[in-house]
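Participant: Enclosed is the structure file query_22.txt (compact mmCIF, C-alpha atoms).
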```txt
# COMPACT_ATOMS: atom_id res chain seq x y z
CA MET A 1 -3.27 -23.77 23.31
CA ALA A 2 -0.48 -24.14 20.75
CA LYS A 3 0.27 -27.64 22.02
CA LEU A 4 -3.36 -28.56 21.83
CA SER A 5 -3.63 -27.20 18.31
CA ALA A 6 -0.55 -29.10 17.22
CA TRP A 7 -1.93 -32.26 18.80
CA LEU A 8 -5.29 -31.85 17.09
CA LEU A 9 -3.56 -31.18 13.83
CA SER A 10 -1.45 -34.29 14.13
CA LEU A 11 -4.57 -36.26 14.87
CA ILE A 12 -6.32 -34.99 11.80
CA ILE A 13 -3.33 -35.62 9.60
CA THR A 14 -3.12 -39.12 11.01
CA ILE A 15 -6.69 -39.95 10.24
CA GLY A 16 -6.42 -38.08 6.98
CA VAL A 17 -9.94 -36.75 6.83
CA HIS A 18 -11.63 -33.78 8.41
CA HIS A 19 -15.05 -32.37 7.76
CA SER A 20 -15.57 -28.67 8.08
CA ALA A 21 -18.14 -26.14 6.96
CA MET A 22 -16.01 -25.49 3.93
CA GLY A 23 -15.39 -28.98 2.64
CA GLN A 24 -13.34 -32.07 3.25
CA ILE A 25 -9.68 -32.41 3.92
CA ALA A 26 -7.59 -35.25 2.72
CA PHE A 27 -3.90 -35.18 3.22
CA THR A 28 -1.18 -37.55 2.22
CA SER A 29 2.57 -37.25 2.55
CA ASP A 30 3.03 -35.97 -1.01
CA SER A 31 0.17 -33.43 -0.91
CA CYS A 32 2.49 -30.45 -0.76
CA LEU A 33 3.99 -31.41 -4.10
CA ARG A 34 0.73 -31.96 -5.95
CA GLN A 35 -0.68 -29.11 -8.03
CA GLU A 36 -4.24 -30.39 -7.57
CA TRP A 37 -3.90 -30.11 -3.81
CA LYS A 38 -2.36 -26.65 -4.07
CA ASP A 39 -5.18 -25.48 -6.35
CA GLY A 40 -7.73 -26.92 -3.94
CA VAL A 41 -6.42 -25.15 -0.87
CA THR A 42 -5.92 -21.90 -2.77
CA ASN A 43 -9.46 -21.93 -4.17
CA SER A 44 -10.84 -22.44 -0.68
CA LEU A 45 -8.67 -19.67 0.70
CA PHE A 46 -10.17 -17.22 -1.77
CA LYS A 47 -13.65 -17.94 -0.43
CA LEU A 48 -12.66 -16.20 2.79
CA TYR A 49 -12.63 -12.46 3.57
CA TYR A 50 -8.94 -11.74 3.55
CA PRO A 51 -8.75 -9.09 6.28
CA GLY A 52 -10.50 -11.56 8.60
CA LYS A 53 -9.00 -13.85 11.19
CA GLU A 54 -10.13 -16.98 9.33
CA TRP A 55 -7.83 -16.12 6.42
CA GLN A 56 -4.83 -16.15 8.78
CA LEU A 57 -5.97 -19.36 10.44
CA TYR A 58 -6.36 -21.03 7.10
CA CYS A 59 -2.92 -19.89 5.91
CA ASP A 60 -1.36 -21.04 9.19
CA SER A 61 -3.01 -24.42 8.84
CA ILE A 62 -1.72 -24.97 5.32
CA LEU A 63 1.73 -23.79 6.33
CA LYS A 64 1.75 -26.22 9.22
CA ILE A 65 1.40 -28.98 6.65
CA CYS A 66 3.42 -27.38 3.85
CA PRO A 67 5.86 -24.93 5.41
CA GLU A 68 7.70 -24.47 2.12
CA TYR A 69 4.65 -23.33 0.14
CA ASP A 70 5.81 -19.78 -0.70
CA TYR A 71 2.52 -18.63 -2.21
CA ILE A 72 0.70 -19.19 1.08
CA TRP A 73 3.35 -17.19 2.94
CA GLN A 74 2.67 -14.45 0.41
CA MET A 75 -1.08 -14.73 0.97
CA LYS A 76 -0.57 -14.67 4.74
CA ALA A 77 1.33 -11.38 4.37
CA MET A 78 -1.07 -9.74 1.95
CA PRO A 79 -3.85 -8.56 4.33
CA SER A 80 -1.36 -7.21 6.88
CA ILE A 81 0.46 -5.09 4.30
CA LYS A 82 -2.87 -3.63 3.22
CA MET A 83 -3.67 -2.83 6.84
CA GLY A 84 -0.32 -1.22 7.64
CA ILE A 85 0.77 -3.98 10.02
CA TYR A 86 4.27 -4.26 8.65
CA GLU A 87 6.02 -6.47 11.18
CA VAL A 88 3.53 -9.25 10.57
CA ALA A 89 3.52 -8.77 6.81
CA PHE A 90 7.24 -8.68 6.24
CA SER A 91 8.07 -11.56 8.55
CA SER A 92 5.84 -13.76 6.36
CA LEU A 93 7.28 -12.33 3.16
CA LYS A 94 10.76 -13.09 4.43
CA GLN A 95 9.82 -16.77 4.41
CA ALA A 96 8.30 -16.51 0.93
CA CYS A 97 11.49 -14.84 -0.40
CA ARG A 98 13.69 -17.50 1.17
CA ILE A 99 11.70 -20.30 -0.47
CA ASN A 100 11.16 -18.78 -3.90
CA PRO A 101 13.37 -15.73 -4.43
CA VAL A 102 12.80 -15.46 -8.18
CA LYS A 103 9.08 -14.97 -7.72
CA GLN A 104 8.85 -13.44 -4.27
CA ILE A 105 11.67 -10.88 -4.12
CA PRO A 106 10.11 -8.87 -6.98
CA TYR A 107 6.73 -9.08 -5.22
CA GLN A 108 8.22 -7.91 -1.94
CA ALA A 109 9.95 -5.06 -3.76
CA PHE A 110 6.62 -4.07 -5.30
CA LEU A 111 4.91 -4.08 -1.89
CA LYS A 112 7.65 -2.01 -0.30
CA CYS A 113 7.47 0.50 -3.15
CA THR A 114 3.70 0.92 -3.51
CA PHE A 115 2.24 -0.07 -0.13
CA ALA A 116 4.79 0.60 2.62
CA LYS A 117 6.40 3.39 0.56
CA ASP A 118 9.70 2.16 1.88
CA TYR A 119 11.50 3.39 -1.20
CA GLN A 120 15.03 2.63 -0.09
CA GLY A 121 14.06 -0.87 1.00
CA ALA A 122 12.28 -1.41 -2.31
CA LEU A 123 15.29 -0.24 -4.32
CA LYS A 124 17.50 -2.78 -2.58
CA ASP A 125 14.99 -5.53 -3.38
CA PHE A 126 14.59 -4.42 -7.01
CA GLU A 127 18.36 -4.49 -7.41
CA GLN A 128 18.32 -8.08 -6.22
CA ALA A 129 15.28 -8.84 -8.40
CA GLU A 130 17.09 -7.49 -11.45
CA GLN A 131 19.92 -9.92 -10.83
CA LEU A 132 17.46 -12.80 -10.59
CA VAL A 133 15.25 -11.81 -13.53
CA ARG A 134 16.97 -9.63 -16.13
CA GLU A 135 14.68 -6.88 -17.42
CA GLY A 136 11.83 -8.36 -15.45
CA GLY A 137 8.59 -6.88 -14.29
CA ILE A 138 5.80 -7.22 -11.77
CA MET A 139 2.16 -6.13 -11.66
CA ASP A 140 1.99 -4.85 -15.25
CA HIS A 141 5.17 -2.76 -15.11
CA SER A 142 8.90 -3.23 -15.47
CA PHE A 143 11.28 -3.16 -12.54
CA SER A 144 12.62 0.07 -14.06
CA PHE A 145 9.20 1.68 -13.74
CA TYR A 146 9.05 0.90 -10.03
CA ARG A 147 12.63 1.98 -9.49
CA GLY A 148 11.64 5.27 -11.09
CA LEU A 149 8.70 5.55 -8.68
CA CYS A 150 11.01 4.91 -5.73
CA TYR A 151 13.42 7.65 -6.79
CA LEU A 152 10.50 10.01 -7.27
CA GLY A 153 9.30 9.15 -3.78
CA LEU A 154 12.80 9.89 -2.52
CA GLU A 155 12.69 13.22 -4.34
CA ARG A 156 15.53 12.28 -6.67
CA PRO A 157 13.97 13.14 -10.06
CA GLU A 158 17.27 12.94 -11.95
CA LEU A 159 17.58 9.25 -11.02
CA ALA A 160 13.89 8.67 -11.65
CA ILE A 161 14.34 10.00 -15.21
CA GLU A 162 17.03 7.41 -15.89
CA HIS A 163 14.73 4.55 -14.92
CA PHE A 164 11.57 5.84 -16.60
CA GLU A 165 13.57 6.43 -19.80
CA SER A 166 14.77 2.85 -19.63
CA ASP A 167 11.21 1.61 -19.00
CA ILE A 168 9.86 3.54 -21.99
CA LYS A 169 12.72 2.48 -24.25
CA ALA A 170 11.96 -1.18 -23.50
CA GLN A 171 8.25 -0.62 -24.21
CA THR A 172 9.00 1.12 -27.53
CA LYS A 173 11.22 -1.77 -28.54
CA ARG A 174 8.55 -4.29 -27.60
CA THR A 175 5.36 -2.65 -28.88
CA GLY A 176 6.49 0.11 -31.24
CA ALA A 177 6.58 3.88 -30.88
CA GLY A 178 3.34 5.52 -29.77
CA ASN A 179 2.17 2.56 -27.68
CA GLU A 180 3.95 3.36 -24.46
CA HIS A 181 1.93 3.19 -21.23
CA TYR A 182 0.38 6.50 -20.21
CA ASN A 183 1.59 6.08 -16.64
CA SER A 184 5.19 5.65 -17.78
CA LEU A 185 4.87 8.77 -19.93
CA PHE A 186 3.25 10.70 -17.10
CA TYR A 187 5.90 9.79 -14.55
CA LEU A 188 8.71 10.61 -16.95
CA GLY A 189 7.11 13.99 -17.66
CA LEU A 190 6.63 14.62 -13.95
CA SER A 191 10.27 13.70 -13.24
CA TYR A 192 11.44 16.21 -15.83
CA LEU A 193 9.13 18.81 -14.30
CA LEU A 194 10.62 18.23 -10.86
CA ALA A 195 14.10 18.38 -12.42
CA HIS A 196 13.11 21.76 -13.96
CA ASP A 197 13.52 20.57 -17.55
CA LEU A 198 10.29 22.13 -18.73
CA PRO A 199 10.45 21.37 -22.48
CA LYS A 200 10.93 17.65 -21.86
CA ALA A 201 8.34 17.70 -19.08
CA GLU A 202 5.82 19.21 -21.49
CA LYS A 203 6.67 16.69 -24.20
CA TYR A 204 5.99 13.66 -22.01
CA LEU A 205 3.01 15.08 -20.12
CA ARG A 206 1.37 15.87 -23.46
CA ALA A 207 2.21 12.38 -24.72
CA SER A 208 0.53 10.90 -21.64
CA ILE A 209 -2.56 13.05 -22.17
CA LYS A 210 -2.62 12.01 -25.84
CA ALA A 211 -2.60 8.36 -24.78
CA TYR A 212 -5.34 8.88 -22.14
CA SER A 213 -7.01 12.27 -22.42
CA LYS A 214 -9.02 12.07 -19.16
CA PHE A 215 -6.03 11.13 -17.03
CA PRO A 216 -6.23 13.69 -14.17
CA GLU A 217 -2.57 13.70 -13.07
CA PRO A 218 -0.81 14.76 -16.31
CA ASN A 219 -3.49 17.38 -16.84
CA PHE A 220 -2.88 18.71 -13.34
CA TYR A 221 0.90 18.77 -13.70
CA MET A 222 0.60 20.39 -17.16
CA GLY A 223 -1.31 23.09 -15.31
CA LYS A 224 1.55 23.40 -12.80
CA LEU A 225 4.08 23.59 -15.64
CA LEU A 226 2.12 26.33 -17.38
CA ALA A 227 1.60 28.21 -14.13
CA GLU A 228 5.36 28.13 -13.63
CA GLN A 229 5.67 29.89 -17.00
CA ASN A 230 3.06 32.46 -15.96
CA ARG A 231 0.61 31.11 -18.55
CA SER A 232 -2.27 31.41 -16.08
CA LEU A 233 -5.20 31.05 -18.43
CA GLU A 234 -3.89 27.85 -19.98
CA ALA A 235 -2.92 26.55 -16.55
CA LYS A 236 -6.45 27.17 -15.28
CA GLU A 237 -7.82 25.22 -18.22
CA TYR A 238 -5.73 22.16 -17.33
CA PHE A 239 -6.56 22.35 -13.62
CA THR A 240 -10.24 22.60 -14.48
CA LYS A 241 -9.99 19.59 -16.78
CA ALA A 242 -8.21 17.57 -14.08
CA LYS A 243 -10.99 18.47 -11.62
CA GLU A 244 -13.68 17.49 -14.10
CA TYR A 245 -12.00 14.14 -14.79
CA ILE A 246 -11.60 13.26 -11.11
CA ILE A 247 -15.24 14.11 -10.44
CA GLY A 248 -16.14 11.94 -13.45
CA GLY A 249 -14.32 9.02 -11.83
CA ALA A 250 -11.17 8.92 -13.98
CA ASN A 251 -7.92 7.87 -12.34
CA MET A 252 -4.55 6.38 -13.20
CA ASN A 253 -6.05 2.91 -13.59
CA GLU A 254 -3.56 1.14 -11.39
CA ASP A 255 -5.22 -1.75 -9.54
CA ASN A 256 -3.85 -0.74 -6.17
CA THR A 257 -4.98 2.88 -6.01
CA MET A 258 -8.01 1.70 -4.03
CA TYR A 259 -5.54 0.84 -1.25
CA VAL A 260 -2.79 3.43 -1.60
CA ASP A 261 -1.88 6.59 -3.44
CA TYR A 262 0.92 6.34 -5.97
CA PRO A 263 3.65 8.99 -5.71
CA PHE A 264 2.37 12.46 -6.60
CA GLN A 265 -1.17 11.20 -7.12
CA ILE A 266 -3.59 14.09 -6.67
CA GLY A 267 -6.96 14.75 -5.07
CA LEU A 268 -9.52 17.51 -5.51
CA SER A 269 -7.99 19.53 -2.69
CA ASP A 270 -4.67 19.74 -4.59
CA ILE A 271 -6.52 21.25 -7.55
CA LYS A 272 -8.41 23.64 -5.32
CA VAL A 273 -5.12 24.93 -3.91
CA GLU A 274 -3.64 25.48 -7.39
CA LEU A 275 -6.77 27.17 -8.71
CA SER A 276 -6.76 29.53 -5.74
CA LYS A 277 -3.28 30.74 -6.72
CA ILE A 278 -4.49 31.88 -10.14
CA PRO A 279 -5.79 35.46 -10.10
CA MET B 1 -8.89 -35.47 -4.97
CA ILE B 2 -10.55 -32.38 -3.67
CA LEU B 3 -9.63 -31.20 -0.28
CA ILE B 4 -9.58 -28.38 1.96
CA ILE B 5 -9.28 -26.81 5.27
CA LEU B 6 -7.92 -26.84 8.71
CA LEU B 7 -9.05 -24.05 10.93
CA LEU B 8 -7.26 -25.14 14.03
CA LEU B 9 -4.35 -22.96 14.89
CA GLN B 10 -4.65 -19.84 16.92
CA SER B 11 -3.71 -16.80 14.92
CA ASN B 12 -4.21 -13.08 14.84
CA VAL B 13 -3.56 -10.83 11.87
CA SER B 14 -2.66 -7.91 14.13
CA ALA B 15 -0.25 -9.86 16.33
CA GLN B 16 2.11 -6.93 16.49
CA LYS B 17 2.69 -5.04 19.70
CA ASN B 18 0.21 -2.21 20.13
CA TYR B 19 1.83 0.63 22.11
CA ALA B 20 -1.28 2.81 22.39
CA PHE B 21 -1.69 2.36 26.14
CA ASP B 22 2.02 2.88 26.92
CA TYR B 23 2.11 6.07 24.83
CA ASP B 24 -1.10 7.66 26.17
CA ILE B 25 -2.91 7.23 22.89
CA ASP B 26 -6.68 7.38 23.24
CA THR B 27 -8.06 3.89 22.75
CA THR B 28 -11.71 4.76 23.46
CA LEU B 29 -14.16 3.66 20.81
CA ILE B 30 -16.71 6.32 19.90
CA LYS B 31 -19.93 4.70 18.82
CA GLY B 32 -22.01 7.16 16.81
CA ASN B 33 -25.59 7.59 17.97
CA SER B 34 -26.95 6.88 14.52
CA CYS B 35 -24.62 3.96 13.77
CA GLY B 36 -25.99 0.50 13.14
CA THR B 37 -24.50 -2.85 14.02
CA PHE B 38 -20.88 -2.78 15.07
CA LYS B 39 -19.41 -4.57 12.12
CA THR B 40 -16.08 -3.17 11.05
CA MET B 41 -14.68 -3.35 7.54
CA GLU B 42 -11.38 -2.24 6.10
CA TYR B 43 -11.41 1.09 4.24
CA PHE B 44 -10.44 -0.53 0.95
CA SER B 45 -13.46 -2.85 1.02
CA VAL B 46 -15.75 0.18 0.89
CA ARG B 47 -13.62 2.64 -1.08
CA GLY B 48 -13.13 4.69 2.05
CA LYS B 49 -9.75 6.21 1.26
CA TYR B 50 -9.26 9.65 2.82
CA PRO B 51 -10.19 12.25 0.17
CA GLU B 52 -7.02 14.34 0.47
CA SER B 53 -3.99 13.01 -1.44
CA THR B 54 -1.20 11.31 0.46
CA HIS B 55 1.24 13.71 -1.18
CA SER B 56 -0.62 16.67 0.31
CA LEU B 57 -0.92 15.01 3.74
CA LEU B 58 2.82 14.31 3.74
CA GLN B 59 3.61 18.00 3.21
CA LYS B 60 1.27 18.90 6.08
CA ALA B 61 2.76 16.28 8.39
CA ARG B 62 6.25 17.62 7.66
CA LYS B 63 5.06 21.12 8.56
CA ALA B 64 3.52 19.82 11.78
CA ILE B 65 6.89 18.37 12.79
CA ALA B 66 8.80 21.45 11.65
CA ASN B 67 6.58 23.61 13.86
CA THR B 68 7.94 21.83 16.91
CA ASN B 69 11.52 21.54 18.06
CA ILE B 70 11.31 17.80 18.38
CA PRO B 71 14.09 16.06 16.49
CA ILE B 72 13.59 12.78 14.64
CA LYS B 73 16.45 10.66 15.92
CA GLN B 74 15.45 7.18 14.79
CA ASN B 75 14.60 5.50 11.52
CA GLY B 76 11.51 3.33 11.06
CA PHE B 77 7.74 3.37 10.87
CA ILE B 78 5.15 4.87 13.22
CA THR B 79 1.69 3.61 12.34
CA PHE B 80 -1.70 4.58 13.76
CA ARG B 81 -4.65 2.30 13.09
CA PHE B 82 -8.12 3.44 14.04
CA SER B 83 -11.82 3.03 13.46
CA ILE B 84 -14.11 5.55 11.73
CA ASN B 85 -17.75 5.45 12.75
CA CYS B 86 -20.81 6.08 10.57
CA GLU B 87 -20.67 9.78 11.43
CA GLY B 88 -17.11 10.08 10.11
CA VAL B 89 -15.58 10.29 13.58
CA PRO B 90 -12.28 8.43 14.17
CA SER B 91 -11.49 6.72 17.48
CA ALA B 92 -10.07 3.55 19.07
CA TYR B 93 -6.51 4.30 18.05
CA LYS B 94 -3.77 1.68 18.00
CA LEU B 95 -0.08 2.43 17.73
CA PHE B 96 2.46 0.20 15.98
CA MET B 97 6.13 1.05 15.72
CA THR B 98 8.96 -0.71 13.94
CA ASN B 99 12.49 0.00 12.84
CA GLU B 100 13.39 0.15 9.15
CA HIS B 101 13.71 -3.65 9.11
CA TYR B 102 10.10 -3.96 10.26
CA GLN B 103 10.98 -5.12 13.76
CA THR B 104 9.32 -3.62 16.80
CA GLN B 105 11.06 -0.52 18.08
CA GLU B 106 9.98 2.30 20.34
CA PHE B 107 10.19 5.97 19.38
CA ASP B 108 10.36 9.18 21.36
CA LYS B 109 7.02 9.80 23.09
CA GLU B 110 6.87 13.50 22.25
CA LEU B 111 7.40 12.75 18.56
CA VAL B 112 4.64 10.15 18.63
CA GLN B 113 2.31 12.68 20.27
CA VAL B 114 3.00 15.26 17.56
CA LEU B 115 2.18 12.73 14.85
CA PHE B 116 -0.89 11.62 16.77
CA GLY B 117 -1.98 15.28 16.96
CA PHE B 118 -1.59 15.49 13.20
CA VAL B 119 -3.67 12.34 12.65
CA LYS B 120 -6.39 13.70 14.93
CA SER B 121 -6.40 17.00 13.03
CA LEU B 122 -7.77 15.27 9.90
CA LYS B 123 -11.50 15.90 9.67
CA GLU B 124 -12.67 14.76 6.26
CA TRP B 125 -13.28 11.09 6.96
CA LYS B 126 -15.96 9.55 4.83
CA ALA B 127 -19.11 8.58 6.71
CA ARG B 128 -20.68 5.27 5.69
CA PRO B 129 -18.59 4.70 2.56
CA THR B 130 -20.10 2.22 0.14
CA ASN B 131 -18.75 -0.12 -2.48
CA GLY B 132 -21.41 -2.13 -4.27
CA LYS B 133 -23.28 -4.13 -1.66
CA ASN B 134 -20.86 -3.18 1.11
CA THR B 135 -21.66 -0.23 3.34
CA ALA B 136 -19.53 0.35 6.40
CA GLU B 137 -21.08 1.49 9.65
CA TYR B 138 -17.52 1.37 10.96
CA TYR B 139 -14.29 0.97 9.03
CA ASN B 140 -10.62 0.71 9.89
CA TYR B 141 -7.98 3.02 8.52
CA TYR B 142 -4.29 3.55 9.10
CA LEU B 143 -1.66 6.19 8.59
CA SER B 144 1.94 5.10 8.58
CA PHE B 145 4.83 7.56 8.72
CA GLN B 146 8.26 6.44 7.62
CA LEU B 147 11.02 8.35 9.37
CA LYS B 148 14.54 8.39 8.03
CA ASP B 149 17.58 10.60 8.55
CA GLY B 150 15.73 13.17 10.61
CA LYS B 151 12.62 13.60 8.48
CA ILE B 152 9.36 12.03 7.40
CA ILE B 153 10.21 10.53 4.05
CA SER B 154 6.87 8.95 3.24
CA LEU B 155 3.33 8.45 4.36
CA ALA B 156 1.03 5.53 3.61
CA PRO B 157 -1.56 4.75 2.35
```
Show the structure stored in the file as structure tokens.
Facilitator:
Amino acid sequence: MAKLSAWLLSLIITIGVHHSAMGQIAFTSDSCLRQEWKDGVTNSLFKLYYPGKEWQLYCDSILKICPEYDYIWQMKAMPSIKMGIYEVAFSSLKQACRINPVKQIPYQAFLKCTFAKDYQGALKDFEQAEQLVREGGIMDHSFSFYRGLCYLGLERPELAIEHFESDIKAQTKRTGAGNEHYNSLFYLGLSYLLAHDLPKAEKYLRASIKAYSKFPEPNFYMGKLLAEQNRSLEAKEYFTKAKEYIIGGANMNEDNTMYVDYPFQIGLSDIKVELSKIP
Amino acid sequence: MILIILLLLQSNVSAQKNYAFDYDIDTTLIKGNSCGTFKTMEYFSVRGKYPESTHSLLQKARKAIANTNIPIKQNGFITFRFSINCEGVPSAYKLFMTNEHYQTQEFDKELVQVLFGFVKSLKEWKARPTNGKNTAEYYNYYLSFQLKDGKIISLAP
């Protein structure tokens, strides 16, 4: 079958034109280098349902013509990572990283951190990414933010603190005090809580709530912090607020939470458990 | 010039070895009596994420392992993929296993069975989740355990 496919492909490339349900193909020897061609194939790709087989076929077809097109390797990997099929996903990403390390190593690091939750693997990639792009970022956050998440996932809050501090410091420098991202503030507060530094935990959890009052997670962990100090009534108030906000549809507003939970993300059952502990 | 597509090559997004049969994992598909056409979507297309947090599930999975005397001797990922029908019943399990470099690797069968038991113990699957125009009569889900240095260090999604 592979031989037949390759033969058919050669034939189509030779004649240069192919009609399909989706449009017309024209291919010349310099197509892979032309932005117009790349935009054309990418736009057509996005008309397909990405978990479907056609998406893979389409990516494979483009890669047969342009094997060094890193973005298509990335797109080939994307559905598999979202479906937990890691061998397939990371073998494609390996190609993307080889071709365009500056762009693709940070992306791979992000996927390992948030999707596969391979925190050690992600930290290695972020280290490499940092060398390629100083103080860089990916998907709306700095590398430091993700490194902090990885250390939290590895239950090393003291190292997470270091990275979240660095992330927040860079934000303050860039946008001014008081404009830091509520997720950065939340995760720094949570890291302090896990490191048993309650005053600092409270400071940052409150700052996160101030930035986004209906954010369920900092409200929940404020409740945990207060419960730890035997301030049951106040704790109950925060747990109840967190519950109300989740039911109302509030969340941490990260694009990928529809696919995966971020570290220490909560659900209603977590709140139920905490509320049941309060007399 | 506008161009587009070649849909020629044979490909399969799940072209990773499925060990379900070798590991006595139940591959039977349970079709719910009230379910419509067998069209399967992915959980994220219909906002079908399991309602309990991953953090909470991870703690429970660790307890499930601790309650046995089965040691975790290898590092890597054990992943179960399965289908949830319109009545919220999971079935048709697949089993994927890789080492920490994402290359196929087998794990101890008893350990796999304990994790499979844990996966089967989850009962709060959403029935017919909906996202806008999409409603799933059947949807696919997965749970992936990362094992490292003798313990479960993470769970996805």
Participant: Fewer than 2 positions away in the same chain doesn't count, so skip those; otherwise give me all residues within 6 Å of B:Asn140, counting all atoms listed in the file, as a ChimeraX atom specification.
Facilitator: /B:42-43,82-83
Participant: With distances taken over all atoms listed in the file, which residue among A:Glu155, A:Phe46, A:Met75, A:Glu130 lies nearest A:Cys59?
Facilitator: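 Under the stated criterion, the closest residue is A:Met75.
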Participant: Find the distance between atom CA of B:Asn69 and atom CA of B:Gly117 and write it in Å to one decimal.
Facilitator: 14.9 Å
Participant: Distance cut-off 9 Å, centre (-13.8, 2.9, -1.9) in file coordinates, counting only C-alpha atoms: which residues qualify? Return them as a compact mmCIF listing (two decimals) with C-alpha atoms, in the frame of the given file.
Facilitator:
```txt
# COMPACT_ATOMS: atom_id res chain seq x y z
CA MET A 258 -8.01 1.70 -4.03
CA TYR A 259 -5.54 0.84 -1.25
CA TYR B 43 -11.41 1.09 4.24
CA PHE B 44 -10.44 -0.53 0.95
CA SER B 45 -13.46 -2.85 1.02
CA VAL B 46 -15.75 0.18 0.89
CA ARG B 47 -13.62 2.64 -1.08
CA GLY B 48 -13.13 4.69 2.05
CA LYS B 49 -9.75 6.21 1.26
CA PRO B 129 -18.59 4.70 2.56
CA THR B 130 -20.10 2.22 0.14
CA ASN B 131 -18.75 -0.12 -2.48
```
Participant: Find the residues near B:Lys31: any atom within 12 Å, counting all atoms listed in the file, skip ones fewer than 3 places away on the same chain, and give them as a list of chain:residue names.
Facilitator: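 So, after excluding close chain neighbours, the residues are B:Thr28, B:Ser34, B:Cys35, B:Gly36, B:Thr37, B:Phe38, B:Lys39, B:Thr40, B:Ser83, B:Ile84, B:Asn85, B:Cys86, B:Glu87, B:Gly88, B:Val89, B:Pro90, B:Ser91, B:Ala92, B:Glu137, B:Tyr138, B:Tyr139.
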Participant: Give me, please, the distance in Å between atom CA of A:Leu198 and atom CA of A:Leu225, quoted to one decimal.
Facilitator: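 Going from atom CA of A:Leu198 over to atom CA of A:Leu225, I get 7.1 Å.
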Participant: What's around stretch 104-116 of chain B at 10 Å? Count all atoms listed in the file, leave out sequence neighbours fewer than 2 positions away in its own chain, and write the answer as a count of residues only.
Facilitator: 45
Participant: Give the answer as one residue: which of B:Ile153, B:Met41, B:Leu58, B:Ala15 has the shortest atom-to-atom distance to A:Gln265, using only C-alpha atoms?
Facilitator: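 Of B:Ile153, B:Met41, B:Leu58, B:Ala15, the one nearest A:Gln265, counting only C-alpha atoms, is B:Leu58.
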Participant: Find the residue from B:His55, B:Lys148, B:Lys94, B:Lys133 that sits nearest to A:Leu152; use only C-alpha atoms when measuring.
Facilitator: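 That would be B:His55, the residue with the smallest distance to A:Leu152.
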Participant: Interatomic distance between atom CA of A:Phe164 and atom CA of B:Leu57?
Facilitator: 25.6 Å
Participant: Select, from A:Thr42, A:Ser276, A:Ser166, A:Thr172, the residue with the minimum atom-to-atom distance to chain B, counting only C-alpha atoms.
Facilitator: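 Nearest to chain B: A:Thr42.
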Participant: Measuring between all atoms listed in the file, which one of A:Pro216, A:Gly121, A:Gly248, A:Pro106 shows the shortest distance to chain B?
Facilitator: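 Ranked by minimum distance to chain B, first place goes to A:Gly121.
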Participant: Set the distance at 8 Å and use all atoms listed in the file: which residues neighbour A:Asp261 once local chain neighbours fewer than 6 positions away are removed? I'd like the list as a list in words.
Facilitator: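 Non-adjacent residues within range: Thr114 of chain A; Ser53, Thr54, Ala156 and Pro157 of chain B.
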